[in-house]
Amino acid sequence: MSYPNFSYMLKETQKERPIFPFTAIVGQEEMKLALLLNVIDPKIGGVMIMGDRGTGKSTTVRALVDLLPEIEVVADDPYNSDPADPELMSEEVRQKLKNNQELEIISKKIEMIDLPLGATEDRVCGTIDIEKALTEGVKAFEPGLLAKANRGILYVDEVNLLDDHLVDVLLDAAASGWNTVEREGISVSHPSRFILVGSGNPEEGELRPQLLDRFGMHAQIGTVKEPESRVQIVEQRTAFDESPFSFRKNYEDSQNQLIATLVKARKNLHMMEINDDFRIKISQICSELDVDGLRGDLVTNRASKALACFEGRQQVTPEDIYRVIPLCLRHRLRKDPLETIDSGEKVQDNFKKIFGSINSEVNI
């Protein structure tokens, strides 16, 4: 069966940095599932990936770039303004609409923006040219990474090592969906609604609870233990390093097939339904696990619908909820230093108590 080519196989030249294909990644199903569900429904709120070093965290996240769909944006706008949603428009675009000016609309792929650990606050938030503002009376603003990440994905590798002042900036932007820069009495605001994706090694330090709660899902991954799988991973990585473009060509069909599935799922997501009884049971699980706030309930509902839609169903099943609920709740549980059970297993045990026993395997 042939699949539409979409925009996966761009004109690849030696100037481009080749990306390891997402469908070539062996194992780590929990991480891959969490990332794909966020592509289908960005309102899930991103994913935090914690695991041992060398387990393919960064490789998998960057492989997601090939799968990202196109969105409509206002041309020549540094904030990727949505021409149909005032909440995602910059002040300049809103002013043009107010003046009945015609907007040029183009389609572009959702971007993934890397936030380096050593980035300065000005690089992240943007800067105001004070001299130009005082002499010419105009707000000369140089947009930062939060502007580029609007309506896209903001990726922070080793997020648990991020400086506290940058964590505060991320928290403000993630909470409000806007970034405000103030210098010498001059203030500039712009939309900054992004999917936050982070990765890190738990041995290198814990993440602040306030930031951890901002991630919709939390995937825990470990080193692959099966010798056959380890050999397969080594062989694939070697083949990619030797001839990346030929290697990518071998996975063109599977990549296009996955893109087609994601595009269809995004289109049909609004038609998904979840039984009222299931909603009540999800909230009952959150309540019995003493989860603070309602974010856990919201994310579990969204992720369940995204998974059912991804796999071609019109209604959410208990199996869908069972597969996503550990990802949505494990990082929201209160830590007990004396507890030996894994937080994900604790969530699943509570699920079985309320929903009844269930057999389910995660398959991508």
# chains A, B, ... in the order shown; residues from 1 in each chain; ligands from 1
call {"tool": "closest_atom_pairs", "arguments": {"of": "region 24-80 of chain A", "to": "region 160-180 of chain A", "cutoff": "12 Å", "atoms": "only C-alpha atoms", "output": "CSV"}}
result
residue,atom,partner,partner_atom,distance
A:Lys43,CA,A:Ala174,CA,11.7
A:Gly45,CA,A:Ala174,CA,9.2
A:Gly46,CA,A:Ala174,CA,10.5
A:Met48,CA,A:Asn160,CA,10.3
A:Ile49,CA,A:Asn160,CA,10.8
A:Met50,CA,A:Asn160,CA,9.6
A:Gly51,CA,A:Asn160,CA,11.9
A:Tyr79,CA,A:Asn179,CA,11.0
call {"tool": "closest_residue", "arguments": {"among": "A:His190, A:Asn275, A:Glu91, A:Gln236", "to": "Asn250 (chain A)", "atoms": "only C-alpha atoms"}}
result
A:Gln236
call {"tool": "closest_residue", "arguments": {"among": "A:His218, A:Arg266, A:Arg17, A:Arg53", "to": "Val324 (chain A)", "atoms": "only C-alpha atoms"}}
result
A:His218
call {"tool": "residues_around", "arguments": {"residues": "Gln232 (chain A)", "least_positions_apart": "4", "cutoff": "12 Å", "atoms": "only C-alpha atoms", "output": "number ranges by chain"}}
result
A: 24-27, 224, 226-228, 236-239
call {"tool": "select_by_dssp", "arguments": {"residues": "region 101-310 of chain A", "states": "helix (DSSP H, G or I)", "output": "PyMOL selection string"}}
result
chain A and resi 121-125+130-136+145-148+159-161+164-176+202-204+209-212+227-242+244-250+252-271+276-288+295-310
call {"tool": "closest_residue", "arguments": {"among": "A:Arg330, A:Lys249, A:Lys109, A:Lys352", "to": "Val291 (chain A)", "atoms": "only C-alpha atoms"}}
result
A:Arg330
call {"tool": "closest_residue", "arguments": {"among": "A:Leu67, A:Ile44, A:Gly152, A:Glu288", "to": "Asn80 (chain A)", "atoms": "only C-alpha atoms"}}
result
A:Gly152
call {"tool": "closest_residue", "arguments": {"among": "A:Asp41, A:Asp114, A:Glu72, A:Glu121", "to": "Asn301 (chain A)", "atoms": "only C-alpha atoms"}}
result
A:Asp41
call {"tool": "closest_residue", "arguments": {"among": "A:Asn268, A:Thr60, A:Ser246, A:Thr317", "to": "Leu36 (chain A)", "atoms": "only C-alpha atoms"}}
result
A:Thr60
call {"tool": "atom_distance", "arguments": {"atom1": "CA of Pro78 (chain A)", "atom2": "CA of Glu182 (chain A)"}}
result
18.8 Å
call {"tool": "residues_around", "arguments": {"residues": "Val47 (chain A)", "least_positions_apart": "5", "cutoff": "9 Å", "atoms": "only C-alpha atoms", "output": "list in words"}}
result
Met31, Ala34, Leu35, Asn38, Ile195, Leu196, Val197, Gly198, Ser199, Arg214, Phe215, Gly216, Met217, His218, Ala219 and Leu327 of chain A
call {"tool": "atom_distance", "arguments": {"atom1": "CA of Pro83 (chain A)", "atom2": "CA of Leu97 (chain A)"}}
result
9.4 Å
call {"tool": "atom_distance", "arguments": {"atom1": "CA of Phe20 (chain A)", "atom2": "CA of Ala63 (chain A)"}}
result
5.7 Å
call {"tool": "select_by_dssp", "arguments": {"residues": "region 7-146 of chain A", "states": "strand (DSSP E or B)", "output": "NGL selection string"}}
result
:A and (47-51 or 70-74 or 105-109 or 112-114 or 126-128 or 141-143)
